[in-house]
Amino acid sequence: MSTQAENIEFVPCNLCGASSSTTYYKDGKWSIVKCDVCQHTYTNPRPTASALPSYYTEDYFQDERHKKKFYHVDGSPKAVADSYLNRVADVENFCEARGRVLELGAARGAFLKVLQDRGWEVHGVEISADAVALAKTQNNLQIHCGVLEDYQSDLKFDVVCMYQTLEHVLTPDYVCRRSAELLKQGGKLIIEVPNRNCFEMKWSKRRRVLSYDLPRHISHFSPDILAKHLKGVGFSKVHIYYYPDKYVLGVFNFIGRMINLVRPSAPAQAANAQTGTATAKQIPMARISSGIMHRAVQRISSFIPGWRFTIIAVK
Ligand SMILES: [Zn+2]
C-alpha cells in the first residue's frame with residue numbers, strides 16, 4: 001500500500017537542473033524553494049506524476065476562477081468568442097496571415113475552435129481524457145490525449161501557445177525546448193502564467209493561496225527569469241506583457257471614462273466583425289492596441305504587476 005510519503009518527490013530545479021535551493025514560501029506540508037543558481041521558484045517536494053491527478057478533483061474545475069471566465073454575473077453563459085478576445089489578439093498580432101497553431105493544455109478545445117472559425121489550422125495536446133472527449137463531441141476537434149513528451153509530429157507550427165498550463169507541468173524546461181523545435185523559423189511561442197511578483201500577493205493571503213495553488217502549480221514564474229530561460233533555448237526576441245493590478249486597472253478605467261479615451265480595443269473590433277456568414281478571409285487579423293493608455297498601463301504594471309503575465313517569444 002502506498003503511503004503519502006511515497007507520493008511526493010524532491011527534485012532539482014526544473015528550469016536549470018541545479019540542486020541547491022533556499023526555502024521561499026511554506027504552506028502546511030508544501031514548500032516553494034528558490035534555485036540558488038537561476039532564481040526560479042518551484043514546488044519542492046512535489047506530488048509524483050502518478051499522484052498528481054488525485055489533486056485535480058471536480059471541485060477544482062467548478063471553482064470561481066473557472067466560472068467567472070465562462071459565465072456572466074447573472075449565471076448566463078458568455079459567448080465563447082468573447083472569452084478569448086485577448087488570446088486571439090496574442091495569436092494574430094505580429095502574424096501576417098493565418099497558419100498552423102498548436103495549443104498545449106487545450107482542454108475542451110474552446111479556444112482552438114474560435115481560431116479554427118477564424119481560419120487557423122488547429123492542433124492541441126491535453127492531458128485530461130474527459131476534456132479530449134468533449135473536444136470531439138462539442139467542438140468536433142481531434143486533440144492528442146497526453147503530454148508533449150508523447151506527442152509525435154513532423155509538422156512545423158506558426159504559433160505554439162499555452163494559457164495557464166506551463167505552471168502545471170513537471171517538465172517546463174523540456175516544454176520550452178520542444179516548443180522551439182516545433183516552431184517554424186520566425187514562429188512564436190505564447191505563454192501565459194501566474195506572476196510570482198504579483199503586487200497583491202505581498203499583502204493578500206487569499207491571492208497567495210490562489211496564485212501558488214499548491215501543490216497543483218509546480219512552477220512559480222517570474223517574467224524576467226522565464227524570459228531569460230527562453231532566450232537560452234533558442235528564442236531571439238522575447239516580449240513581456242504584464243497584466244495590470246486590479247486597482248491600477250480600476251484607476252486607468254476611471255481616467256479613461258473621465259477623459260473619454262476608452263474606445264473598443266482592436267481585438268474587440270476584430271471579433272465584432274466576425275458575424276453572420278463572414279468567412280475567415282473577411283475576419284480581420286486582431287491587433288493589440290499600442291496606444292498611449294496601453295503603454296502607460298504596461299509601464300506601471302512592470303512595477304506593480306497583476307496576478308499573471310504573458311510572454312511572446314519569437315524563434
Ligand atoms: Zn535553477
# chains A, B, ... in the order shown; residues from 1 in each chain; ligands from 1
$ residues_around --residues "Pro45 of chain A" --least-positions-apart "3" --cutoff "8 Å" --atoms "only C-alpha atoms" --output "number ranges by chain"
A: 8-11, 30-31
$ residues_around --residues "Leu52 of chain A" --least-positions-apart "2" --cutoff "12 Å" --atoms "only C-alpha atoms" --output "PyMOL selection string"
chain A and resi 7-9+46-50+54-57+127+168-170+214-218
$ write_last_selection --atoms "N, CA and C atoms" --output "mmCIF file, in the first residue's frame"
data_model
loop_
_atom_site.group_PDB
_atom_site.id
_atom_site.type_symbol
_atom_site.label_atom_id
_atom_site.label_comp_id
_atom_site.auth_asym_id
_atom_site.auth_seq_id
_atom_site.Cartn_x
_atom_site.Cartn_y
_atom_site.Cartn_z
ATOM 1 N N ASN A 7 4.171 9.340 -2.343
ATOM 2 C CA ASN A 7 3.548 10.079 -3.432
ATOM 3 C C ASN A 7 4.156 11.454 -3.656
ATOM 4 N N ILE A 8 5.200 11.768 -2.924
ATOM 5 C CA ILE A 8 5.877 13.039 -3.157
ATOM 6 C C ILE A 8 7.338 12.780 -3.506
ATOM 7 N N GLU A 9 7.929 13.751 -4.173
ATOM 8 C CA GLU A 9 9.332 13.588 -4.562
ATOM 9 C C GLU A 9 10.065 14.919 -4.409
ATOM 10 N N ARG A 46 7.224 17.870 -4.377
ATOM 11 C CA ARG A 46 6.008 17.991 -5.183
ATOM 12 C C ARG A 46 5.383 16.618 -5.353
ATOM 13 N N PRO A 47 4.104 16.552 -5.769
ATOM 14 C CA PRO A 47 3.496 15.231 -5.996
ATOM 15 C C PRO A 47 4.201 14.531 -7.153
ATOM 16 N N THR A 48 4.287 13.223 -7.102
ATOM 17 C CA THR A 48 4.847 12.472 -8.233
ATOM 18 C C THR A 48 3.857 12.510 -9.395
ATOM 19 N N ALA A 49 4.326 12.156 -10.574
ATOM 20 C CA ALA A 49 3.459 12.183 -11.756
ATOM 21 C C ALA A 49 2.213 11.327 -11.541
ATOM 22 N N SER A 50 2.380 10.169 -10.884
ATOM 23 C CA SER A 50 1.216 9.282 -10.708
ATOM 24 C C SER A 50 0.258 9.808 -9.642
ATOM 25 N N SER A 54 -4.728 13.015 -8.566
ATOM 26 C CA SER A 54 -5.616 12.993 -7.403
ATOM 27 C C SER A 54 -5.811 14.390 -6.804
ATOM 28 N N TYR A 55 -5.001 15.352 -7.225
ATOM 29 C CA TYR A 55 -5.164 16.730 -6.740
ATOM 30 C C TYR A 55 -6.066 17.563 -7.647
ATOM 31 N N TYR A 56 -6.521 16.970 -8.756
ATOM 32 C CA TYR A 56 -7.456 17.656 -9.655
ATOM 33 C C TYR A 56 -8.830 17.011 -9.515
ATOM 34 N N THR A 57 -9.602 17.489 -8.569
ATOM 35 C CA THR A 57 -10.932 16.924 -8.361
ATOM 36 C C THR A 57 -11.952 17.762 -9.124
ATOM 37 N N ILE A 127 -4.047 16.687 -21.394
ATOM 38 C CA ILE A 127 -3.805 15.516 -20.551
ATOM 39 C C ILE A 127 -5.106 14.832 -20.106
ATOM 40 N N HIS A 168 1.695 24.112 -14.465
ATOM 41 C CA HIS A 168 1.225 22.805 -14.006
ATOM 42 C C HIS A 168 2.133 21.655 -14.428
ATOM 43 N N VAL A 169 3.006 21.875 -15.410
ATOM 44 C CA VAL A 169 3.736 20.728 -15.963
ATOM 45 C C VAL A 169 4.990 20.409 -15.148
ATOM 46 N N LEU A 170 5.348 19.120 -15.132
ATOM 47 C CA LEU A 170 6.501 18.680 -14.346
ATOM 48 C C LEU A 170 7.820 19.001 -15.043
ATOM 49 N N LEU A 214 -1.007 25.400 -4.426
ATOM 50 C CA LEU A 214 -0.220 24.207 -4.076
ATOM 51 C C LEU A 214 -1.113 22.992 -3.827
ATOM 52 N N PRO A 215 -0.700 21.812 -4.266
ATOM 53 C CA PRO A 215 0.541 21.514 -4.985
ATOM 54 C C PRO A 215 0.364 21.432 -6.503
ATOM 55 N N ARG A 216 -0.769 21.947 -7.022
ATOM 56 C CA ARG A 216 -1.028 21.798 -8.465
ATOM 57 C C ARG A 216 -0.063 22.631 -9.302
ATOM 58 N N HIS A 217 0.315 23.823 -8.785
ATOM 59 C CA HIS A 217 1.293 24.623 -9.513
ATOM 60 C C HIS A 217 2.697 24.135 -9.141
ATOM 61 N N ILE A 218 3.398 23.632 -10.134
ATOM 62 C CA ILE A 218 4.714 23.043 -9.947
ATOM 63 C C ILE A 218 5.796 24.121 -10.039
#
$ residues_near_ligand --ligand "ligand 1" --cutoff "8 Å" --atoms "only C-alpha atoms and all ligand atoms" --output "MDAnalysis selection string"
chainID A and resid 12:19 34:41
$ closest_residue --among "A:His144, A:Arg299, A:Arg257, A:Lys188" --to "Tyr243 of chain A" --atoms "only C-alpha atoms"
A:Arg299
$ residues_around --residues "Leu189 of chain A" --least-positions-apart "6" --cutoff "7 Å" --atoms "only C-alpha atoms" --output "PyMOL selection string"
chain A and resi 159-161+312-314
$ select_by_dssp --residues "segment 12-253 of chain A" --states "strand (DSSP E)" --output "ChimeraX atom specification"
/A:21-27,30-35,41-43,46-47,100-104,121-126,144-145,157-163,183-194,219-220,237-244
$ select_by_dssp --residues "segment 147-228 of chain A" --states "helix (DSSP H, G or I)" --output "tab-separated table (two decimals) with C-alpha atoms, in the first residue's frame"
chain	number	residue	atom	x	y	z
A	148	LEU	CA	4.03	16.97	-25.00
A	149	GLU	CA	6.56	14.19	-24.31
A	150	ASP	CA	4.37	11.66	-26.14
A	166	LEU	CA	3.17	25.72	-18.01
A	167	GLU	CA	2.91	26.23	-14.24
A	168	HIS	CA	1.23	22.80	-14.01
A	172	PRO	CA	8.81	23.17	-18.06
A	173	ASP	CA	12.37	23.21	-19.43
A	174	TYR	CA	11.53	20.37	-21.86
A	175	VAL	CA	8.29	22.12	-22.92
A	176	CYS	CA	10.20	25.34	-23.76
A	177	ARG	CA	12.87	23.46	-25.75
A	178	ARG	CA	10.42	21.18	-27.60
A	179	SER	CA	8.20	24.18	-28.44
A	180	ALA	CA	11.22	25.83	-30.08
A	181	GLU	CA	11.78	22.67	-32.16
A	182	LEU	CA	8.12	22.54	-33.23
A	199	PHE	CA	1.82	43.05	-6.09
A	200	GLU	CA	-1.40	41.85	-4.43
A	201	MET	CA	0.36	38.70	-3.21
A	202	LYS	CA	2.57	40.80	-0.92
A	205	LYS	CA	-3.11	35.75	1.75
A	206	ARG	CA	-6.12	34.86	-0.41
A	207	ARG	CA	-4.20	35.95	-3.51
A	208	ARG	CA	-1.15	33.94	-2.43
A	209	VAL	CA	-3.22	30.80	-1.93
A	210	LEU	CA	-4.92	31.26	-5.33
A	211	SER	CA	-1.71	32.04	-7.22
A	212	TYR	CA	0.54	29.43	-5.65
A	223	PRO	CA	8.74	37.28	-16.04
A	224	ASP	CA	12.45	38.15	-16.23
A	225	ILE	CA	13.62	34.64	-15.29
A	226	LEU	CA	11.32	32.92	-17.80
A	227	ALA	CA	12.31	35.45	-20.49
A	228	LYS	CA	16.00	34.75	-19.86
